[in-house]
Amino acid sequence: MLETAPDGILLVDKPQGISSHRVVSIARRRLGLKKVGHAGTLDPMATGLLLLGIGPSTRLLTHLVGLGKTYTATIRLGVATDSDDADGSPTAAVGTAAADVSEAAVEAAVAAQRGAISQVPSTVSAIKVDGRRAYDLARKGEEVVLQSRAVTVSRFDVTGRDEHVVTVDGTDVAVVDLDVVVDCSSGTYVRALARDVGAALGTGAHLTALRRTDVGPFSVDDAIDLEDDAVDVRAALARPADIARRLFPVVTLDAIGAKDLADGKRISADHPDTDGPVAAVTARDDRLVGLVSVRRGLLRVITNFPTPTGANA
C-alpha cells in the first residue's frame, strides 16, 4: 500500500534569527515535499506561531492569512531605529529623562492606538511598492512612501515596565521598556504601534522583542520546534478536516455526494444558505472535500481539495 503524501497544516514555533522563508525551506527538507507555504510572515527578529500549509492543504492558507493575531512584545522608549525594531540602526536616541513617560502618559499614548485606526506600515516591511518589496527599496537608500491602512487593535495593554540605561553609539541613554500584549487584525504592524507610541510621547521607540502567540483559534502552545530532529514532523501535521472544522461550519457528505462535489457538480444539502466558507467533509473517513457556499440548498465549490494520492509528490 502506497504511503500518502504529506498533507495538512503544521503549527511551527519560529525561532529568532531566521526568516519565514527559511522555515518553509526546513519543512520542505524534512518532509521531502516542495509544496509548502505559510500564512503570515514573521520578521527574523520575531518568534512564535507560524502556520504552514503542506501539500494540498496549501489551499487552506488563503483562509488562514486573514485571521486575527495575538502578540507579546517589548517596546523600548527613548531610542528610534530605521526599522522600528532591534534589527535596525538607531536614528535617534533622545532618551526618556526629559519626557513625560509617566504611567498616565504612556496609557494615553497606548490608548490612542486601540480600536479601528489608520496605520502607516513600517518602512522596512514586505509590502510591495511598484512590484518591489519596501524593505529592498529602503535598504538601497531609496525613498519609500507607504499608504496608511485601516487596521483594528482590539487589545493593547501594558503588562510590565522597566526603567534603565543603555549605551547607544557610546552614549548612555535612559530608556523605559514596556512589556505589552496586542490583539489585532491581520495586517497590523506591531513595530508601527511601537513607533507611533514613541512619537506620541516624544521619545521615539522601537521593538526589542516580538512573539506571536496566537493566530485565530491556533496557539503557539501546540506548535513544534521544526529544527528539533527528534520531532516527527509528519505526525505533527493537523488534518485538513480538523483545521476546517475549527474555522467553519460543516456539512457532511456521503460517498456519492463527495465524488460529485469533487467532480465540480452542484449537489443538494440540508444547510442554511451562506456565502461560506462551509467545510464539506466525508461521512466515512472525515476527509475535507472542499470549502463551499450554499445557495438555495445547493453546494457551490469555493475551493476543492484533491483525494490523497501516493507519496511521490
# chains A, B, ... in the order shown; residues from 1 in each chain; ligands from 1
$ residues_around --residues "Asp229 (chain A)" --least-positions-apart "3" --cutoff "12 Å" --atoms "only C-alpha atoms" --output "ChimeraX atom specification"
/A:26-27,29-31,224-226,232-233
$ residues_around --residues "Ala280 (chain A)" --least-positions-apart "6" --cutoff "10 Å" --atoms "only C-alpha atoms" --output "list of chain:residue names"
A:Ala241, A:Ala244, A:Arg245, A:Phe248, A:Pro249, A:Val250, A:Val251, A:Thr252, A:Leu253, A:Gly257, A:Ala258, A:Leu261, A:Asp286, A:Arg287, A:Leu288, A:Val289, A:Gly290, A:Leu291, A:Val292, A:Ser293, A:Leu299, A:Val301, A:Asn304, A:Phe305
$ closest_atom_pairs --of "region 62-108 of chain A" --to "region 47-56 of chain A" --cutoff "10 Å" --atoms "only C-alpha atoms" --output "Markdown table"
| residue | atom | partner | partner_atom | distance |
| --- | --- | --- | --- | --- |
| A:Thr62 | CA | A:Gly53 | CA | 9.9 |
| A:Leu64 | CA | A:Leu51 | CA | 8.1 |
| A:Val65 | CA | A:Leu51 | CA | 9.0 |
| A:Lys69 | CA | A:Leu49 | CA | 9.6 |
| A:Thr70 | CA | A:Leu49 | CA | 9.7 |
| A:Tyr71 | CA | A:Gly48 | CA | 8.7 |
| A:Thr72 | CA | A:Gly48 | CA | 9.6 |
$ write_last_selection --atoms "all heavy atoms" --output "PDB file, in the first residue's frame"
ATOM      1  N   THR A  62      -5.111  30.596   2.157  1.00  0.00           N
ATOM      2  CA  THR A  62      -5.881  31.813   1.834  1.00  0.00           C
ATOM      3  C   THR A  62      -6.873  32.137   2.933  1.00  0.00           C
ATOM      4  O   THR A  62      -7.142  33.313   3.217  1.00  0.00           O
ATOM      5  CB  THR A  62      -6.628  31.625   0.504  1.00  0.00           C
ATOM      6  OG1 THR A  62      -5.679  31.394  -0.533  1.00  0.00           O
ATOM      7  CG2 THR A  62      -7.463  32.849   0.168  1.00  0.00           C
ATOM      8  N   LEU A  64      -6.516  31.275   6.100  1.00  0.00           N
ATOM      9  CA  LEU A  64      -5.834  31.439   7.384  1.00  0.00           C
ATOM     10  C   LEU A  64      -5.146  32.790   7.503  1.00  0.00           C
ATOM     11  O   LEU A  64      -4.982  33.321   8.605  1.00  0.00           O
ATOM     12  CB  LEU A  64      -4.790  30.329   7.575  1.00  0.00           C
ATOM     13  CG  LEU A  64      -5.298  28.881   7.585  1.00  0.00           C
ATOM     14  CD1 LEU A  64      -4.123  27.916   7.708  1.00  0.00           C
ATOM     15  CD2 LEU A  64      -6.286  28.658   8.718  1.00  0.00           C
ATOM     16  N   VAL A  65      -4.753  33.362   6.370  1.00  0.00           N
ATOM     17  CA  VAL A  65      -3.986  34.613   6.373  1.00  0.00           C
ATOM     18  C   VAL A  65      -4.737  35.741   7.085  1.00  0.00           C
ATOM     19  O   VAL A  65      -4.148  36.538   7.805  1.00  0.00           O
ATOM     20  CB  VAL A  65      -3.636  35.031   4.929  1.00  0.00           C
ATOM     21  CG1 VAL A  65      -3.099  36.448   4.893  1.00  0.00           C
ATOM     22  CG2 VAL A  65      -2.622  34.070   4.331  1.00  0.00           C
ATOM     23  N   LYS A  69      -4.582  38.095  15.140  1.00  0.00           N
ATOM     24  CA  LYS A  69      -3.327  37.674  15.749  1.00  0.00           C
ATOM     25  C   LYS A  69      -3.207  38.215  17.174  1.00  0.00           C
ATOM     26  O   LYS A  69      -3.774  39.264  17.501  1.00  0.00           O
ATOM     27  CB  LYS A  69      -2.124  38.191  14.944  1.00  0.00           C
ATOM     28  CG  LYS A  69      -2.222  38.049  13.417  1.00  0.00           C
ATOM     29  CD  LYS A  69      -2.104  36.640  12.953  1.00  0.00           C
ATOM     30  CE  LYS A  69      -1.844  36.518  11.452  1.00  0.00           C
ATOM     31  NZ  LYS A  69      -2.872  37.102  10.589  1.00  0.00           N
ATOM     32  N   THR A  70      -2.455  37.486  18.004  1.00  0.00           N
ATOM     33  CA  THR A  70      -2.084  37.959  19.335  1.00  0.00           C
ATOM     34  C   THR A  70      -0.570  37.940  19.454  1.00  0.00           C
ATOM     35  O   THR A  70       0.081  36.964  19.063  1.00  0.00           O
ATOM     36  CB  THR A  70      -2.703  37.091  20.441  1.00  0.00           C
ATOM     37  OG1 THR A  70      -4.120  37.167  20.368  1.00  0.00           O
ATOM     38  CG2 THR A  70      -2.264  37.586  21.826  1.00  0.00           C
ATOM     39  N   TYR A  71      -0.020  39.033  19.990  1.00  0.00           N
ATOM     40  CA  TYR A  71       1.419  39.154  20.157  1.00  0.00           C
ATOM     41  C   TYR A  71       1.751  39.596  21.577  1.00  0.00           C
ATOM     42  O   TYR A  71       0.979  40.329  22.203  1.00  0.00           O
ATOM     43  CB  TYR A  71       1.994  40.224  19.220  1.00  0.00           C
ATOM     44  CG  TYR A  71       1.848  39.950  17.745  1.00  0.00           C
ATOM     45  CD1 TYR A  71       0.716  40.375  17.049  1.00  0.00           C
ATOM     46  CD2 TYR A  71       2.853  39.300  17.035  1.00  0.00           C
ATOM     47  CE1 TYR A  71       0.575  40.140  15.687  1.00  0.00           C
ATOM     48  CE2 TYR A  71       2.720  39.072  15.671  1.00  0.00           C
ATOM     49  CZ  TYR A  71       1.586  39.486  15.008  1.00  0.00           C
ATOM     50  OH  TYR A  71       1.461  39.258  13.662  1.00  0.00           O
ATOM     51  N   THR A  72       2.908  39.162  22.050  1.00  0.00           N
ATOM     52  CA  THR A  72       3.538  39.805  23.195  1.00  0.00           C
ATOM     53  C   THR A  72       4.778  40.504  22.656  1.00  0.00           C
ATOM     54  O   THR A  72       5.414  40.024  21.704  1.00  0.00           O
ATOM     55  CB  THR A  72       3.919  38.806  24.297  1.00  0.00           C
ATOM     56  OG1 THR A  72       4.794  37.813  23.757  1.00  0.00           O
ATOM     57  CG2 THR A  72       2.676  38.131  24.867  1.00  0.00           C
TER      58      THR A  72
END
$ closest_residue --among "A:Gly187, A:Gly204, A:Gly297, A:Gly66" --to "Pro121 (chain A)" --atoms "only C-alpha atoms"
A:Gly187
$ closest_residue --among "A:Leu298, A:Thr307, A:Asp84, A:Ala223" --to "Ala269 (chain A)" --atoms "only C-alpha atoms"
A:Leu298
$ select_by_dssp --residues "region 55-192 of chain A" --states "alpha helix (DSSP H)" --output "MDAnalysis selection string"
chainID A and resid 61:64 103:111 134:139 190:192
$ residues_around --residues "Asp222 (chain A)" --least-positions-apart "6" --cutoff "9 Å" --atoms "only C-alpha atoms" --output "list in words"
Leu11, Val12 and Asp13 of chain A
$ residues_around --residues "Tyr189 (chain A)" --least-positions-apart "2" --cutoff "10 Å" --atoms "only C-alpha atoms" --output "list in words"
Gln119, Val120, Pro121, Ser122, Ser125, Val151, Cys184, Ser185, Ser186, Gly187, Arg191, Ala192, Leu193, Ala194 and Arg195 of chain A
$ write_last_selection --atoms "N, CA and C atoms" --output "short mmCIF file (atom, residue, chain, number, x, y, z; two decimals), in the first residue's frame"
data_model
loop_
_atom_site.label_atom_id
_atom_site.label_comp_id
_atom_site.auth_asym_id
_atom_site.auth_seq_id
_atom_site.Cartn_x
_atom_site.Cartn_y
_atom_site.Cartn_z
N GLN A 119 -3.14 53.10 10.07
CA GLN A 119 -1.74 52.88 10.40
C GLN A 119 -0.88 52.89 9.15
N VAL A 120 0.23 53.61 9.21
CA VAL A 120 1.22 53.57 8.14
C VAL A 120 2.21 52.46 8.48
N PRO A 121 2.33 51.42 7.65
CA PRO A 121 3.24 50.32 7.95
C PRO A 121 4.68 50.79 8.09
N SER A 122 5.50 49.99 8.75
CA SER A 122 6.92 50.29 8.87
C SER A 122 7.56 50.31 7.49
N SER A 125 9.34 46.84 5.49
CA SER A 125 8.29 45.83 5.54
C SER A 125 8.25 45.10 4.21
N VAL A 151 -6.69 49.23 10.17
CA VAL A 151 -6.48 48.01 10.95
C VAL A 151 -7.27 48.15 12.25
N CYS A 184 -4.90 41.93 17.47
CA CYS A 184 -5.09 42.82 16.34
C CYS A 184 -5.54 42.07 15.10
N SER A 185 -6.03 42.83 14.15
CA SER A 185 -6.44 42.26 12.88
C SER A 185 -5.22 41.93 12.03
N SER A 186 -5.42 41.07 11.06
CA SER A 186 -4.36 40.75 10.11
C SER A 186 -3.91 42.02 9.41
N GLY A 187 -2.61 42.15 9.18
CA GLY A 187 -2.08 43.33 8.51
C GLY A 187 -1.61 44.41 9.43
N ARG A 191 5.39 46.73 15.14
CA ARG A 191 6.50 47.69 15.07
C ARG A 191 5.99 49.11 14.88
N ALA A 192 4.95 49.24 14.06
CA ALA A 192 4.39 50.57 13.82
C ALA A 192 3.66 51.09 15.05
N LEU A 193 3.03 50.19 15.80
CA LEU A 193 2.41 50.61 17.06
C LEU A 193 3.47 51.18 18.00
N ALA A 194 4.61 50.49 18.10
CA ALA A 194 5.70 50.97 18.95
C ALA A 194 6.19 52.33 18.47
N ARG A 195 6.40 52.45 17.17
CA ARG A 195 6.86 53.73 16.59
C ARG A 195 5.92 54.86 16.92
#
$ closest_atom_pairs --of "region 73-111 of chain A" --to "region 207-219 of chain A" --cutoff "6 Å" --atoms "only C-alpha atoms" --output "JSON lines"
{"residue": "A:Ala73", "atom": "CA", "partner": "A:Leu210", "partner_atom": "CA", "distance": 4.3}
{"residue": "A:Thr74", "atom": "CA", "partner": "A:Ala209", "partner_atom": "CA", "distance": 5.1}
{"residue": "A:Ile75", "atom": "CA", "partner": "A:Leu207", "partner_atom": "CA", "distance": 4.6}
{"residue": "A:Asp85", "atom": "CA", "partner": "A:Leu207", "partner_atom": "CA", "distance": 4.3}
{"residue": "A:Ala86", "atom": "CA", "partner": "A:Thr208", "partner_atom": "CA", "distance": 5.1}
$ write_last_selection --atoms "C-alpha atoms" --output "PDB file, in the first residue's frame"
ATOM      1  CA  ALA A  73       6.242  42.420  22.712  1.00  0.00           C
ATOM      2  CA  THR A  74       8.683  44.764  24.417  1.00  0.00           C
ATOM      3  CA  ILE A  75       8.708  48.415  23.367  1.00  0.00           C
ATOM      4  CA  ASP A  85      12.820  47.142  15.754  1.00  0.00           C
ATOM      5  CA  ALA A  86      16.123  45.967  17.210  1.00  0.00           C
TER       6      ALA A  86
END
$ atom_distance --atom1 "CA of Leu42 (chain A)" --atom2 "CA of Val24 (chain A)"
11.9 Å
$ residues_around --residues "region 91-98 of chain A" --least-positions-apart "4" --cutoff "8 Å" --atoms "only C-alpha atoms" --output "list in words"
Leu77, Gly78, Val79, Ala80, Thr81, Asp82, Val168, Val173, Ala174, Val175, Val176, Thr203 and Gly204 of chain A
$ closest_residue --among "A:Gly264, A:Gly40, A:Gly160, A:Pro272" --to "Ser19 (chain A)" --atoms "only C-alpha atoms"
A:Gly40
$ closest_residue --among "A:Ala238, A:Leu60, A:Leu33, A:Val23" --to "Leu10 (chain A)" --atoms "only C-alpha atoms"
A:Ala238
